[in-house]
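Listing of start04.txt; format and content: compact mmCIF, C-alpha atoms.
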```txt
# COMPACT_ATOMS: atom_id res chain seq x y z
CA MET A 68 0.00 0.00 0.00
CA GLU A 69 2.79 2.41 0.91
CA ASP A 70 4.68 1.47 -2.27
CA ASN A 71 1.61 2.35 -4.37
CA MET A 72 1.28 5.69 -2.58
CA ASP A 73 4.97 6.42 -3.15
CA ASP A 74 4.63 5.55 -6.87
CA SER A 75 1.58 7.77 -7.28
CA GLN A 76 3.31 10.65 -5.52
CA SER A 77 6.39 10.16 -7.69
CA GLN A 78 4.29 10.16 -10.86
CA LYS A 79 2.44 13.24 -9.65
CA GLY A 80 5.74 14.98 -8.95
CA CYS A 81 7.10 14.12 -12.42
CA LYS A 82 3.87 15.32 -14.01
CA GLU A 83 3.99 18.64 -12.15
CA CYS A 84 7.66 19.04 -13.10
CA CYS A 85 6.91 18.43 -16.79
CA GLU A 86 3.96 20.83 -16.71
CA ARG A 87 6.15 23.46 -15.06
CA CYS A 88 8.89 23.01 -17.66
CA VAL A 89 6.46 23.12 -20.59
CA GLY A 90 4.67 26.13 -19.14
CA SER A 91 7.90 28.06 -18.66
CA LEU A 92 8.92 27.81 -22.34
CA PRO A 93 8.38 30.91 -24.50
CA TRP A 94 6.52 29.07 -27.23
CA ALA A 95 5.88 32.16 -29.38
CA SER A 96 9.56 33.14 -29.43
CA LEU A 97 10.62 29.52 -29.90
CA ILE A 98 8.37 29.00 -32.94
CA ALA A 99 9.47 32.33 -34.41
CA THR A 100 13.14 31.43 -33.89
CA ILE A 101 12.71 28.08 -35.65
CA LEU A 102 10.89 29.77 -38.53
CA LEU A 103 13.59 32.45 -38.75
CA TYR A 104 16.43 29.91 -38.83
CA MET A 105 14.65 27.81 -41.45
CA GLY A 106 13.97 30.85 -43.63
CA VAL A 107 17.49 32.27 -43.32
CA ALA A 108 19.07 28.86 -43.96
CA LEU A 109 16.87 28.30 -47.01
CA PHE A 110 17.55 31.77 -48.40
CA CYS A 111 21.29 31.74 -47.76
CA GLY A 112 21.93 28.18 -48.93
CA CYS A 113 19.74 28.25 -52.03
CA GLY A 114 20.66 31.85 -52.86
CA HIS A 115 24.37 31.10 -52.73
CA GLU A 116 24.06 28.06 -54.98
CA ALA A 117 21.73 29.91 -57.35
CA LEU A 118 24.30 32.69 -57.76
CA THR A 119 26.96 30.08 -58.48
CA GLY A 120 24.69 28.52 -61.11
CA THR A 121 24.12 31.96 -62.63
CA VAL A 122 27.88 32.40 -63.05
CA THR A 123 28.07 29.02 -64.79
CA ILE A 124 25.24 29.92 -67.19
CA LEU A 125 26.80 33.27 -68.05
CA GLN A 126 30.19 31.71 -68.73
CA ASN A 127 29.04 28.61 -70.65
CA TYR A 128 26.17 29.89 -72.79
CA PHE A 129 26.62 33.66 -73.03
CA GLU A 130 30.43 33.44 -73.22
CA LEU A 131 30.78 36.15 -70.61
CA ILE A 132 34.20 36.32 -68.96
CA LYS A 133 35.58 38.49 -66.21
CA ASN A 134 37.89 41.22 -67.39
CA PRO A 135 40.69 42.14 -64.98
CA GLY A 136 40.26 45.85 -65.76
CA ASP A 137 36.55 46.00 -64.82
CA LEU A 138 36.07 47.19 -61.26
CA LEU A 139 32.35 46.47 -60.99
CA ASP A 140 31.11 43.86 -63.43
CA VAL A 141 28.41 41.23 -62.98
CA PHE A 142 30.83 38.72 -61.46
CA THR A 143 32.00 41.23 -58.85
CA ILE A 144 28.38 42.04 -58.00
CA ILE A 145 27.65 38.33 -57.56
CA ASP A 146 30.65 37.99 -55.23
CA ILE A 147 29.38 40.96 -53.20
CA LEU A 148 25.94 39.35 -52.96
CA LYS A 149 27.56 36.16 -51.68
CA TYR A 150 29.37 38.08 -48.95
CA ILE A 151 26.07 39.75 -48.02
CA ILE A 152 24.55 36.28 -47.71
CA TYR A 153 27.36 35.25 -45.36
CA GLY A 154 26.71 38.34 -43.23
CA LEU A 155 22.96 37.69 -43.13
CA ALA A 156 23.52 34.11 -41.99
CA GLY A 157 25.81 35.06 -39.12
CA GLY A 158 23.93 38.20 -38.08
CA PHE A 159 20.49 36.65 -37.92
CA PHE A 160 21.81 33.62 -36.07
CA VAL A 161 22.96 35.95 -33.28
CA PHE A 162 19.75 38.00 -33.49
CA GLY A 163 17.61 34.87 -33.18
CA VAL A 164 19.54 33.79 -30.08
CA LEU A 165 19.03 37.24 -28.51
CA LEU A 166 15.30 37.17 -29.16
CA LEU A 167 14.98 33.65 -27.80
CA VAL A 168 16.92 34.55 -24.63
CA GLU A 169 14.72 37.61 -24.18
CA GLY A 170 11.67 35.38 -24.48
CA PHE A 171 12.98 33.04 -21.79
CA PHE A 172 13.75 35.90 -19.39
CA THR A 173 10.40 37.56 -20.02
CA THR A 174 8.56 34.31 -19.42
CA GLY A 175 10.51 33.87 -16.18
CA ALA A 176 9.68 37.43 -15.20
CA ILE A 177 5.97 36.86 -15.68
CA ARG A 178 6.06 33.50 -13.95
CA ASP A 179 8.01 34.78 -10.94
CA LEU A 180 6.22 38.10 -10.69
CA TYR A 181 5.38 37.62 -7.04
CA GLY A 182 8.67 35.94 -6.22
CA GLU A 183 12.17 37.33 -5.94
CA PHE A 184 12.48 38.42 -9.57
CA LYS A 185 12.11 42.18 -10.04
CA ILE A 186 10.85 43.80 -13.23
CA THR A 187 13.36 46.52 -14.08
CA ALA A 188 13.20 49.45 -16.46
CA CYS A 189 16.27 48.01 -18.21
CA GLY A 190 14.28 44.90 -19.16
CA ARG A 191 11.47 46.97 -20.62
CA CYS A 192 13.93 49.14 -22.56
CA LEU A 193 15.68 46.05 -23.92
CA THR A 194 12.37 44.59 -25.08
CA ALA A 195 11.43 47.88 -26.75
CA PHE A 196 14.84 48.04 -28.48
CA LEU A 197 14.52 44.47 -29.77
CA MET A 198 11.02 45.30 -30.97
CA PHE A 199 12.45 48.23 -32.95
CA LEU A 200 15.14 45.98 -34.44
CA ALA A 201 12.57 43.33 -35.34
CA TYR A 202 10.48 45.94 -37.17
CA LEU A 203 13.58 47.25 -38.97
CA PHE A 204 14.65 43.75 -40.00
CA PHE A 205 11.10 43.01 -41.12
CA LEU A 206 11.41 45.89 -43.60
CA VAL A 207 14.83 44.55 -44.63
CA TRP A 208 13.41 41.10 -45.37
CA ILE A 209 10.52 42.63 -47.30
CA GLY A 210 13.11 44.35 -49.48
CA VAL A 211 15.13 41.14 -49.80
CA THR A 212 11.99 39.24 -50.82
CA ALA A 213 11.18 41.81 -53.48
CA PHE A 214 14.79 41.79 -54.73
CA THR A 215 14.83 37.98 -54.89
CA GLY A 216 11.67 38.06 -56.97
CA LEU A 217 13.56 39.73 -59.84
CA PRO A 218 15.80 36.76 -60.77
CA VAL A 219 12.84 34.44 -60.23
CA PHE A 220 10.86 36.44 -62.81
CA MET A 221 13.77 36.50 -65.27
CA TYR A 222 14.51 32.79 -64.93
CA PHE A 223 10.82 31.99 -65.21
CA ASN A 224 10.69 33.73 -68.58
CA ILE A 225 13.75 31.82 -69.79
CA TRP A 226 12.39 28.55 -68.41
CA SER A 227 9.03 29.18 -70.10
CA MET A 228 10.76 29.81 -73.42
CA CYS A 229 12.61 26.52 -73.06
CA GLN A 230 9.46 24.64 -72.15
CA ASN A 231 7.69 26.07 -75.21
CA ALA A 232 10.65 25.83 -77.56
CA SER A 233 8.56 24.14 -80.25
CA LEU A 234 6.01 26.98 -80.22
CA VAL A 235 8.62 29.74 -80.52
CA ASP A 236 10.74 27.92 -83.07
CA GLY A 237 10.01 30.36 -85.89
CA ALA A 238 9.64 33.47 -83.73
CA ASN A 239 13.39 34.19 -83.50
CA LEU A 240 13.31 35.44 -79.91
CA CYS A 241 16.57 36.41 -78.23
CA LEU A 242 17.80 36.63 -74.65
CA ASP A 243 19.94 39.76 -74.61
CA LEU A 244 21.92 40.46 -71.44
CA ARG A 245 21.83 44.17 -72.23
CA GLN A 246 18.11 44.18 -71.40
CA PHE A 247 18.91 43.07 -67.84
CA GLY A 248 21.80 45.47 -67.34
CA VAL A 249 24.32 42.65 -67.05
CA VAL A 250 26.61 44.03 -69.75
CA SER A 251 27.08 47.47 -71.26
CA ILE A 252 25.10 48.68 -74.27
CA SER A 253 28.08 48.42 -76.58
CA GLU A 254 28.68 44.75 -75.71
CA GLU A 255 26.38 42.27 -77.39
CA ARG A 256 25.78 39.07 -75.45
CA LYS A 257 22.65 37.22 -76.48
CA VAL A 258 21.28 33.76 -77.17
CA CYS A 259 18.45 33.35 -79.68
CA THR A 260 15.87 30.61 -80.04
CA GLY A 261 16.77 28.04 -82.64
CA SER A 262 20.49 28.35 -81.97
CA GLU A 263 22.59 25.51 -80.66
CA LYS A 264 23.47 27.38 -77.47
CA PHE A 265 19.80 27.94 -76.70
CA PHE A 266 18.96 24.24 -76.96
CA LYS A 267 22.03 23.27 -74.94
CA MET A 268 21.07 25.74 -72.21
CA CYS A 269 17.50 24.46 -72.13
CA GLU A 270 18.65 20.83 -71.94
CA SER A 271 21.24 21.51 -69.25
CA ASN A 272 20.66 20.98 -65.56
CA GLU A 273 22.05 24.41 -64.63
CA LEU A 274 19.03 26.36 -65.86
CA ASP A 275 16.37 24.21 -64.23
CA LEU A 276 18.32 23.87 -60.97
CA THR A 277 19.18 27.58 -60.75
CA PHE A 278 15.56 28.58 -61.37
CA HIS A 279 14.23 26.31 -58.63
CA LEU A 280 16.99 27.39 -56.25
CA PHE A 281 15.94 31.01 -56.69
CA VAL A 282 12.34 29.99 -56.01
CA CYS A 283 13.44 28.28 -52.78
CA ALA A 284 15.47 31.36 -51.84
CA LEU A 285 12.37 33.50 -52.40
CA ALA A 286 10.37 31.19 -50.15
CA GLY A 287 13.09 31.40 -47.48
CA ALA A 288 13.08 35.21 -47.58
CA GLY A 289 9.30 35.20 -47.20
CA ALA A 290 9.54 32.81 -44.25
CA ALA A 291 12.10 35.09 -42.58
CA ALA A 292 9.78 38.08 -43.06
CA ILE A 293 6.90 36.12 -41.49
CA ALA A 294 9.20 35.17 -38.59
CA MET A 295 9.94 38.88 -38.02
CA VAL A 296 6.19 39.57 -37.83
CA HIS A 297 5.86 36.73 -35.33
CA PHE A 298 8.70 38.18 -33.27
CA LEU A 299 7.05 41.61 -33.38
CA MET A 300 3.82 40.20 -31.97
CA ALA A 301 5.64 38.27 -29.24
CA LEU A 302 7.82 41.25 -28.27
CA ALA A 303 4.84 43.62 -28.21
CA ALA A 304 2.96 41.22 -25.95
CA ASN A 305 5.99 40.80 -23.69
CA TRP A 306 6.46 44.56 -23.44
CA GLY A 307 2.82 45.02 -22.47
CA TYR A 308 3.04 42.26 -19.88
CA LEU A 309 6.22 43.75 -18.43
CA LYS A 310 4.64 47.19 -18.25
CA ASP A 311 1.57 45.84 -16.42
CA ALA A 312 3.78 43.74 -14.18
CA SER A 313 5.85 46.78 -13.28
CA ARG A 314 2.73 48.72 -12.33
CA MET A 315 1.49 45.81 -10.26
CA GLN A 316 4.84 45.56 -8.54
CA LYS A 317 4.80 49.27 -7.69
CA TYR A 318 1.30 48.87 -6.28
CA GLU A 319 2.40 45.94 -4.15
CA ASP A 320 5.42 47.90 -2.87
CA ILE A 321 3.26 50.91 -1.95
CA LYS A 322 0.68 48.67 -0.29
CA SER A 323 3.37 46.86 1.70
CA LYS A 324 4.91 50.18 2.76
CA GLU A 325 1.54 51.55 3.93
CA GLU A 326 0.82 48.37 5.88
CA GLN A 327 4.22 48.63 7.53
CA GLU A 328 3.55 52.28 8.46
CA LEU A 329 0.16 51.37 9.92
CA HIS A 330 1.76 48.58 11.88
CA ASP A 331 4.43 50.96 13.22
CA ILE A 332 1.78 53.53 14.21
CA HIS A 333 -0.26 50.86 15.97
CA SER A 334 2.81 49.58 17.82
CA THR A 335 3.73 53.14 18.90
CA ARG A 336 0.24 53.84 20.22
CA SER A 337 0.21 50.54 22.10
CA LYS A 338 3.48 51.41 23.78
CA GLU A 339 2.19 54.88 24.69
CA ARG A 340 -0.95 53.42 26.25
CA LEU A 341 1.11 50.88 28.17
CA ASN A 342 3.37 53.63 29.47
CA ALA A 343 0.32 55.71 30.48
CA TYR A 344 -1.13 52.85 32.51
CA THR A 345 2.14 52.16 34.25
```
Rendering of file as structure tokens:
Amino acid sequence: MEDNMDDSQSQKGCKECCERCVGSLPWASLIATILLYMGVALFCGCGHEALTGTVTILQNYFELIKNPGDLLDVFTIIDILKYIIYGLAGGFFVFGVLLLVEGFFTTGAIRDLYGEFKITACGRCLTAFLMFLAYLFFLVWIGVTAFTGLPVFMYFNIWSMCQNASLVDGANLCLDLRQFGVVSISEERKVCTGSEKFFKMCESNELDLTFHLFVCALAGAGAAAIAMVHFLMALAANWGYLKDASRMQKYEDIKSKEEQELHDIHSTRSKERLNAYT
């Protein structure tokens, strides 16, 4: 009988411990962090490989080479974009960790409101600052999403031409890099339908793979923007909770101080009465 009671108490204790652990997790910040990491990883990984595939297509089918004298050509721009991708990956990894840590501390602050933890003005200022950064980075990811849509649109047109090569066989359509600003006006780099290069490009794996990689990068940028919105909602809620908790804490401090003053007054009067009787 005692063994059964001990087992039931042990199970009850484990259950309460699990419920306490699950309840203390900042689920909103945790979900947003996972979504942010997935979006950033998808954008950075697929974007980097898509840029590499773009270089291969330009070199193999448009016969575009890098001139040592050009300071800012398309290959240099692609290298700069790759370095930006590296910076985004590292920066948003750190930013996601900061937001997740803030979520844990805020959840602890709310949970231990009537314990030893004190809501400070520094915590509220930090939450407001992170909320400002989340809004700023949301605008950044909106811009990145729009920018990533440009190569998706261009590659979709090329991919559509390749898919309908039989329909445009006699149309004599050309893909001119001057239309996209890749080369200067004086330099003619184009591939026309019906040419051998066009059919080789359409049959190659580089075009299809690069197009779908850019689509995945676009999806990753959109997921990162959605994660920023999720972070904004979580941070705004945390800031409101911290503000209300601070007011409640001030009220409790004032109430405790008044009760202590009343107790001191009552004790003083009791001593005076006792001295009067004696």
Distance table requested - segment 263-308 of chain A against segment 199-213 of chain A, cut-off 8 Å, only C-alpha atoms: one row per qualifying residue with the closest atom pair and its distance in Å to one decimal, ordered by chain and rising residue number, as CSV.
```
residue,atom,partner,partner_atom,distance
A:Leu285,CA,A:Thr212,CA,6.0
A:Ala288,CA,A:Thr212,CA,5.3
A:Gly289,CA,A:Thr212,CA,6.1
A:Ala291,CA,A:Trp208,CA,6.8
A:Ala292,CA,A:Trp208,CA,5.3
A:Met295,CA,A:Phe205,CA,5.3
A:Val296,CA,A:Phe205,CA,6.8
A:Phe298,CA,A:Ala201,CA,6.8
A:Leu299,CA,A:Ala201,CA,6.1
```
Neighbours of Cys113 of chain A within 8 Å (only C-alpha atoms; same-chain residues fewer than 3 positions away dropped), as a list in words?
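The neighbour list is Leu109, Phe110, Glu116, Ala117, Leu280, Phe281, Cys283 and Ala284 of chain A.
Residue nearest Val161 of chain A within the list A:Leu103, A:Glu328, A:Glu270, A:Ala195: A:Leu103 [criterion: smallest interatomic distance, only C-alpha atoms].
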Given only C-alpha atoms as the basis, pick out the residue of A:Tyr128, A:Leu102, A:Gly216, A:Val141 nearest to Phe160 of chain A.
A:Leu102
Just give me the gap between atom CA of Lys133 of chain A and atom CA of Asp243 of chain A in Å, one decimal is fine.
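Going from atom CA of Lys133 of chain A over to atom CA of Asp243 of chain A, I get 17.8 Å.
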